[in-house]
Amino acid sequence: MIAGKHKTLKPAVLAMGLVLAAVYVFLYAPIFYVIYTSFSADIVWPFPPHFSAQSYGDLFASSLYGDALANSITLALGSAVLSTVLAAAGAIGILRYRSRWRGFAMFMFLAPLFVAELLIGISTLAFNARVLGLPGNLYSAMAANAVPGTSFAFLIILAQLVRYDWNMDDAAMVFGAGPFRSFIEITLPTIWPSLFGAFLISFILAFNNLEISFYNLGAIPTLPAVAWGSLRFGLGPELFALATLVNGAVFFIFAVMYILMRYRIVSFGYRGP
Amino acid sequence: MTAGTLQITPRRTKLHRLFAYRFALLAGPGALFIMIALLLPLLSIVVFSFWRTESYELYADWNLDNYRVMLTEPAYRVFFLRSFFMALAVTLACLVISWPVAYFIAKHGGRYRLLLVLLLAAPFFTGVILRIAALQGLFGPIGLINMTLTEIGLPPIQVLMYTPLAAGIGLVYLYVPFMITAIYLSVINFNFELLEVAKINGAKPWRAFIEITWPLNWIGTAIGLVVVFIPCLASAVTQRFLGGTQSSSFGMSLAQQFGETGTWALGSAMGVALFVSSIVAIVLIGRSINLKRSGFTGVINP
């Protein structure tokens with residue numbers, strides 16, 4: 001456990017733990033507000049509670065939210081796969097092989113972190129619409145979302161790969177494995193938690209992106225676009241219900257992860273005691 | 001590596017060439033993708049910023065009018081300064097919150113570290129809009145906090161209702177996970193044994209932090225500062241729904257040029273101004289990084 005190995009809890013550690021707890025409360029208070037409100041009859045002033053499953057009924061009755069969810073998932077999957085593959089290849093290339101282009105490649109991979117998403121959104125819109133003459137579509141939104149996604153994925157994978165011992169791959173190659181086989185059998189089992197983390201983060205970013213997607217999607221609805229539209233004309237309670245279902249799925253995955261870690265079935269890259 | 005240097009020359013050059021080829025094969029696609037999908041669009045708004053828009057159409061007559069309007073119109077200056085100070089305040093608030101959290105998870109998180117970090121990212125599954133709406137539901141005039149206060153006969157907290165402070169809290173809410181992650185990624189690669197050495201040599205924990213932990217993790221902290229400052233400088237949605245009229249930002253005005261008013265050329269000039277200020281911020285923060293002093297050895301010279 002976290003505190004278990006310390007016999008006496010130092011005040012500084014306790015203080016930091018309290019800040020962490022406060023940050024979790026701060027981050028999750030609005031989430032629980034959304035979950036709570038989704039079960040309420042009135043979303044503007046849901047206190048005291050009048051429980052109702054009305055919003056869930058409306059959610060499943062309407063096709064708009066289903067389409068928006070499907071579009072969001074398609075967009076996020078495409079963007080996250082693109083980001084993770086490009087970033088993983090890039091991180092391995094940059095760490096493993098010497099080249100005079102290494103600094104430049106590193107710079108390119110990190111550059112999107114330092115450009116505001118609003119700027120990525122409007123500049124891709126301007127470029128696609130006026131230079132290429134393309135209307136907004138799911139694929140250009142996918143590519144535009146993969147730009148910052150690749151940077152985040154690259155950072156996450158790099159953080160773990162820095163400590164990876166490439167001699168293991170060289171050893172495998174000495175014993176006759178090709179580069180591809182040594183990657184599948186040696187590298188991948190060691191680095192998959194960071195690939196998974198990179199995929200998850202780039203998926204989340206694209207799934208809920210507003211500023212980039214808004215300018216690149218045209219009239220295709222995604223969840224943030226629907227939320228944006230409805231916020232100006234009074235937020236639909238169905239959105240609260242949908243967010244609750246998404247969060248339910250996320251919490252379920254975390255609970256599974258916790259159990260796997262608790263009983264040491266999977267360590268997710270942790271190599272300590 | 002030592003085995004490689006013992007190879008006879010012709011084979012070594014061949015191997016070398018093969019390695020350079022592999023580098024291009026692995027890192028090339030990503031670098032090329034970002035060049036096409038990031039740099040070309042940015043270049044196109046630089047070009048458009050010197051053009052002219054008339055009734056939603058762009059015309060290529062080169063002029064500096066957009067920049068002149070942006071610099072002489074007082075509203076844009078006010079928006080810019082407001083966004084700048086907001087971004088500065090939010091970044092500093094995030095810095096103060098993030099260090100203890102990141103340090104705690106890296107040092108005391110044990111095998112649950114990844115889970116603790118992912119828990120910080122999970123709120124992102126609920127989109128920006130819904131989280132801002134929920135914050136409004138907590139802080140707003142008919143939000144949980146103020147209605148509860150009214151209910152028990154106390155005056156509502158005025159500063160939480162559509163003020164710059166409310167917008168600031170909203171921005172900290174949205175961006176603090178980014179800074180925590182940046183510092184965390186730096187601290188997990190930090191050698192904590194150095195602190196034991198400092199302790200043996202008589203340094204108190206605070207002094208050890210100031211002289212060892214902080215400078216050796218400065219690069220992660222600097223990345224965190226940049227990663228929070230830049231989106232805050234460009235932020236629009238948060239101010240619009242939490243900040244009230246006193247919080248209209250540069251980003252809001254910029255988005256408007258590409259939306260309602262359709263003045264793309266002026267919008268492009270504003271985008272260029274935003275980009276240039278971001279670069280200035282990055283350079284200022286980047287100059288404070290000394291790679292050798294920050295103990296950064298992993299990537300540049302493996």
# chains A, B, ... in the order shown; residues from 1 in each chain; ligands from 1
>>> residues_around(residues="A:Leu217", least_positions_apart="5", cutoff="8 Å", atoms="only C-alpha atoms", output="VMD selection string")
chain A and resid 136 to 138 140 to 141
>>> interface_residues(of="chain B", to="chain A", cutoff="7 Å", atoms="only C-alpha atoms", output="number ranges by chain")
B: 19-20, 23, 26-27, 29-31, 34, 37-38, 41-42, 44-45, 100-101, 104, 108-111, 123-127, 129, 131, 134-135, 173, 185, 226-227, 230-231, 234, 271, 298-299
>>> residues_around(residues="stretch 164-166 of chain B", least_positions_apart="6", cutoff="8 Å", atoms="only C-alpha atoms", output="VMD selection string")
chain B and resid 139 239 242 to 244 246 to 247
>>> write_last_selection(atoms="all heavy atoms", output="PDB file, in the first residue's frame")
ATOM      1  N   PHE B 139     -20.490  26.733  -9.139  1.00  0.00           N
ATOM      2  CA  PHE B 139     -20.102  28.097  -8.752  1.00  0.00           C
ATOM      3  C   PHE B 139     -21.150  29.166  -9.075  1.00  0.00           C
ATOM      4  O   PHE B 139     -21.155  30.222  -8.468  1.00  0.00           O
ATOM      5  CB  PHE B 139     -18.831  28.541  -9.482  1.00  0.00           C
ATOM      6  CG  PHE B 139     -17.614  27.758  -9.151  1.00  0.00           C
ATOM      7  CD1 PHE B 139     -16.593  27.618 -10.082  1.00  0.00           C
ATOM      8  CD2 PHE B 139     -17.476  27.168  -7.907  1.00  0.00           C
ATOM      9  CE1 PHE B 139     -15.455  26.894  -9.782  1.00  0.00           C
ATOM     10  CE2 PHE B 139     -16.339  26.438  -7.601  1.00  0.00           C
ATOM     11  CZ  PHE B 139     -15.336  26.304  -8.543  1.00  0.00           C
ATOM     12  N   GLN B 239     -13.568  31.254 -20.487  1.00  0.00           N
ATOM     13  CA  GLN B 239     -13.915  32.643 -20.173  1.00  0.00           C
ATOM     14  C   GLN B 239     -15.343  32.951 -20.578  1.00  0.00           C
ATOM     15  O   GLN B 239     -16.059  33.647 -19.885  1.00  0.00           O
ATOM     16  CB  GLN B 239     -12.979  33.612 -20.902  1.00  0.00           C
ATOM     17  CG  GLN B 239     -11.631  33.791 -20.235  1.00  0.00           C
ATOM     18  CD  GLN B 239     -10.614  32.848 -20.808  1.00  0.00           C
ATOM     19  OE1 GLN B 239     -10.953  31.758 -21.252  1.00  0.00           O
ATOM     20  NE2 GLN B 239      -9.362  33.248 -20.805  1.00  0.00           N
ATOM     21  N   LEU B 242     -17.680  30.993 -17.913  1.00  0.00           N
ATOM     22  CA  LEU B 242     -17.497  31.179 -16.474  1.00  0.00           C
ATOM     23  C   LEU B 242     -17.121  32.610 -16.127  1.00  0.00           C
ATOM     24  O   LEU B 242     -17.308  33.044 -15.007  1.00  0.00           O
ATOM     25  CB  LEU B 242     -16.406  30.240 -15.943  1.00  0.00           C
ATOM     26  CG  LEU B 242     -16.706  28.742 -15.925  1.00  0.00           C
ATOM     27  CD1 LEU B 242     -15.473  27.978 -15.499  1.00  0.00           C
ATOM     28  CD2 LEU B 242     -17.864  28.438 -14.994  1.00  0.00           C
ATOM     29  N   GLY B 243     -16.543  33.340 -17.091  1.00  0.00           N
ATOM     30  CA  GLY B 243     -15.883  34.590 -16.756  1.00  0.00           C
ATOM     31  C   GLY B 243     -16.718  35.857 -16.832  1.00  0.00           C
ATOM     32  O   GLY B 243     -16.304  36.888 -16.319  1.00  0.00           O
ATOM     33  N   GLY B 244     -17.865  35.818 -17.482  1.00  0.00           N
ATOM     34  CA  GLY B 244     -18.635  37.052 -17.605  1.00  0.00           C
ATOM     35  C   GLY B 244     -17.975  38.049 -18.544  1.00  0.00           C
ATOM     36  O   GLY B 244     -16.979  37.746 -19.196  1.00  0.00           O
ATOM     37  N   GLN B 246     -16.236  40.695 -18.019  1.00  0.00           N
ATOM     38  CA  GLN B 246     -14.917  41.220 -17.668  1.00  0.00           C
ATOM     39  C   GLN B 246     -13.794  40.281 -18.103  1.00  0.00           C
ATOM     40  O   GLN B 246     -12.634  40.547 -17.850  1.00  0.00           O
ATOM     41  CB  GLN B 246     -14.832  41.460 -16.149  1.00  0.00           C
ATOM     42  CG  GLN B 246     -15.519  42.730 -15.701  1.00  0.00           C
ATOM     43  CD  GLN B 246     -15.005  43.948 -16.443  1.00  0.00           C
ATOM     44  OE1 GLN B 246     -13.827  44.274 -16.377  1.00  0.00           O
ATOM     45  NE2 GLN B 246     -15.896  44.630 -17.173  1.00  0.00           N
ATOM     46  N   SER B 247     -14.137  39.138 -18.711  1.00  0.00           N
ATOM     47  CA  SER B 247     -13.105  38.150 -19.027  1.00  0.00           C
ATOM     48  C   SER B 247     -12.947  37.875 -20.518  1.00  0.00           C
ATOM     49  O   SER B 247     -12.241  36.950 -20.877  1.00  0.00           O
ATOM     50  CB  SER B 247     -13.407  36.830 -18.316  1.00  0.00           C
ATOM     51  OG  SER B 247     -13.506  37.041 -16.940  1.00  0.00           O
TER      52      SER B 247
END
>>> atom_distance(atom1="atom CA of A:Ala153", atom2="atom CA of A:Tyr139")
19.6 Å
>>> select_by_dssp(residues="stretch 11-243 of chain B", states="strand (DSSP E or B)", output="MDAnalysis selection string")
chainID B and resid 52:54 57:59
>>> select_by_dssp(residues="stretch 20-78 of chain A", states="alpha helix (DSSP H)", output="JSON, numbers by chain")
{"A": [20, 21, 22, 23, 24, 25, 26, 27, 28, 29, 30, 31, 32, 33, 34, 35, 36, 37, 38, 54, 55, 56, 57, 58, 59, 60, 61, 63, 64, 65, 66, 67, 68, 69, 70, 71, 72, 73, 74, 75, 76, 77, 78]}
>>> write_last_selection(atoms="C-alpha atoms", output="mmCIF file, in the first residue's frame")
data_model
loop_
_atom_site.group_PDB
_atom_site.id
_atom_site.type_symbol
_atom_site.label_atom_id
_atom_site.label_comp_id
_atom_site.auth_asym_id
_atom_site.auth_seq_id
_atom_site.Cartn_x
_atom_site.Cartn_y
_atom_site.Cartn_z
ATOM 1 C CA LEU A 20 -3.238 14.974 -3.888
ATOM 2 C CA ALA A 21 -6.557 14.128 -2.225
ATOM 3 C CA ALA A 22 -7.705 17.747 -2.609
ATOM 4 C CA VAL A 23 -6.795 17.695 -6.318
ATOM 5 C CA TYR A 24 -8.802 14.491 -6.807
ATOM 6 C CA VAL A 25 -11.779 16.068 -5.025
ATOM 7 C CA PHE A 26 -11.446 19.210 -7.164
ATOM 8 C CA LEU A 27 -11.160 17.196 -10.392
ATOM 9 C CA TYR A 28 -13.998 14.813 -9.589
ATOM 10 C CA ALA A 29 -16.505 17.209 -7.990
ATOM 11 C CA PRO A 30 -17.850 18.388 -11.380
ATOM 12 C CA ILE A 31 -17.829 14.778 -12.658
ATOM 13 C CA PHE A 32 -19.956 13.626 -9.720
ATOM 14 C CA TYR A 33 -22.162 16.672 -10.207
ATOM 15 C CA VAL A 34 -22.757 15.528 -13.794
ATOM 16 C CA ILE A 35 -23.478 11.951 -12.658
ATOM 17 C CA TYR A 36 -25.800 13.122 -9.891
ATOM 18 C CA THR A 37 -27.638 15.543 -12.161
ATOM 19 C CA SER A 38 -28.155 12.896 -14.838
ATOM 20 C CA GLN A 54 -36.002 10.409 -17.939
ATOM 21 C CA SER A 55 -32.709 11.604 -19.400
ATOM 22 C CA TYR A 56 -31.596 8.003 -20.028
ATOM 23 C CA GLY A 57 -34.851 7.254 -21.807
ATOM 24 C CA ASP A 58 -34.427 10.373 -23.979
ATOM 25 C CA LEU A 59 -30.810 9.441 -24.649
ATOM 26 C CA PHE A 60 -31.676 6.017 -26.041
ATOM 27 C CA ALA A 61 -34.689 7.350 -27.923
ATOM 28 C CA SER A 63 -30.424 8.972 -32.731
ATOM 29 C CA LEU A 64 -28.340 12.192 -32.591
ATOM 30 C CA TYR A 65 -26.398 11.144 -29.487
ATOM 31 C CA GLY A 66 -25.767 7.637 -30.804
ATOM 32 C CA ASP A 67 -24.376 9.072 -34.058
ATOM 33 C CA ALA A 68 -22.320 11.641 -32.175
ATOM 34 C CA LEU A 69 -20.897 8.953 -29.878
ATOM 35 C CA ALA A 70 -20.082 6.699 -32.850
ATOM 36 C CA ASN A 71 -18.388 9.603 -34.685
ATOM 37 C CA SER A 72 -16.419 10.554 -31.574
ATOM 38 C CA ILE A 73 -15.231 6.974 -31.110
ATOM 39 C CA THR A 74 -14.263 6.629 -34.806
ATOM 40 C CA LEU A 75 -12.415 9.945 -34.715
ATOM 41 C CA ALA A 76 -10.629 9.096 -31.466
ATOM 42 C CA LEU A 77 -9.692 5.547 -32.542
ATOM 43 C CA GLY A 78 -8.239 6.663 -35.868
#
>>> atom_distance(atom1="atom CA of B:Gly170", atom2="atom CA of B:Gln136")
9.2 Å
>>> atom_distance(atom1="atom CA of B:Leu138", atom2="atom CA of B:Thr181")
26.1 Å
>>> closest_residue(among="B:Trp62, B:Met161, B:Tyr56, B:Leu118", to="B:Gly262", atoms="only C-alpha atoms")
B:Tyr56
>>> residues_around(residues="A:Leu195", least_positions_apart="4", cutoff="7 Å", atoms="only C-alpha atoms", output="number ranges by chain")
A: 84, 157, 191, 199
>>> decode(residues="stretch 237-250 of chain A", atoms="N, CA and C atoms", output="mmCIF file, in the first residue's frame")
data_model
loop_
_atom_site.group_PDB
_atom_site.id
_atom_site.type_symbol
_atom_site.label_atom_id
_atom_site.label_comp_id
_atom_site.auth_asym_id
_atom_site.auth_seq_id
_atom_site.Cartn_x
_atom_site.Cartn_y
_atom_site.Cartn_z
ATOM 1 N N PRO A 237 -30.226 17.322 -21.005
ATOM 2 C CA PRO A 237 -29.960 16.381 -19.917
ATOM 3 C C PRO A 237 -29.416 15.054 -20.448
ATOM 4 N N GLU A 238 -29.710 14.749 -21.731
ATOM 5 C CA GLU A 238 -29.208 13.501 -22.306
ATOM 6 C C GLU A 238 -27.679 13.457 -22.290
ATOM 7 N N LEU A 239 -27.054 14.645 -22.457
ATOM 8 C CA LEU A 239 -25.594 14.692 -22.452
ATOM 9 C C LEU A 239 -25.026 14.287 -21.097
ATOM 10 N N PHE A 240 -25.741 14.699 -20.031
ATOM 11 C CA PHE A 240 -25.304 14.315 -18.684
ATOM 12 C C PHE A 240 -25.401 12.796 -18.535
ATOM 13 N N ALA A 241 -26.492 12.232 -19.081
ATOM 14 C CA ALA A 241 -26.677 10.786 -18.993
ATOM 15 C C ALA A 241 -25.570 10.059 -19.753
ATOM 16 N N LEU A 242 -25.257 10.574 -20.952
ATOM 17 C CA LEU A 242 -24.224 9.952 -21.769
ATOM 18 C C LEU A 242 -22.861 10.025 -21.079
ATOM 19 N N ALA A 243 -22.536 11.212 -20.531
ATOM 20 C CA ALA A 243 -21.265 11.375 -19.814
ATOM 21 C C ALA A 243 -21.201 10.409 -18.638
ATOM 22 N N THR A 244 -22.337 10.198 -17.975
ATOM 23 C CA THR A 244 -22.371 9.276 -16.845
ATOM 24 C C THR A 244 -22.048 7.852 -17.293
ATOM 25 N N LEU A 245 -22.620 7.452 -18.435
ATOM 26 C CA LEU A 245 -22.341 6.105 -18.944
ATOM 27 C C LEU A 245 -20.867 5.959 -19.311
ATOM 28 N N VAL A 246 -20.303 7.001 -19.972
ATOM 29 C CA VAL A 246 -18.880 6.957 -20.340
ATOM 30 C C VAL A 246 -18.023 6.842 -19.082
ATOM 31 N N ASN A 247 -18.347 7.669 -18.070
ATOM 32 C CA ASN A 247 -17.581 7.618 -16.827
ATOM 33 C C ASN A 247 -17.735 6.286 -16.123
ATOM 34 N N GLY A 248 -18.931 5.708 -16.191
ATOM 35 C CA GLY A 248 -19.146 4.386 -15.594
ATOM 36 C C GLY A 248 -18.187 3.374 -16.206
ATOM 37 N N ALA A 249 -18.062 3.419 -17.537
ATOM 38 C CA ALA A 249 -17.153 2.497 -18.227
ATOM 39 C C ALA A 249 -15.712 2.737 -17.789
ATOM 40 N N VAL A 250 -15.326 4.030 -17.676
ATOM 41 C CA VAL A 250 -13.950 4.363 -17.276
ATOM 42 C C VAL A 250 -13.671 3.864 -15.858
#
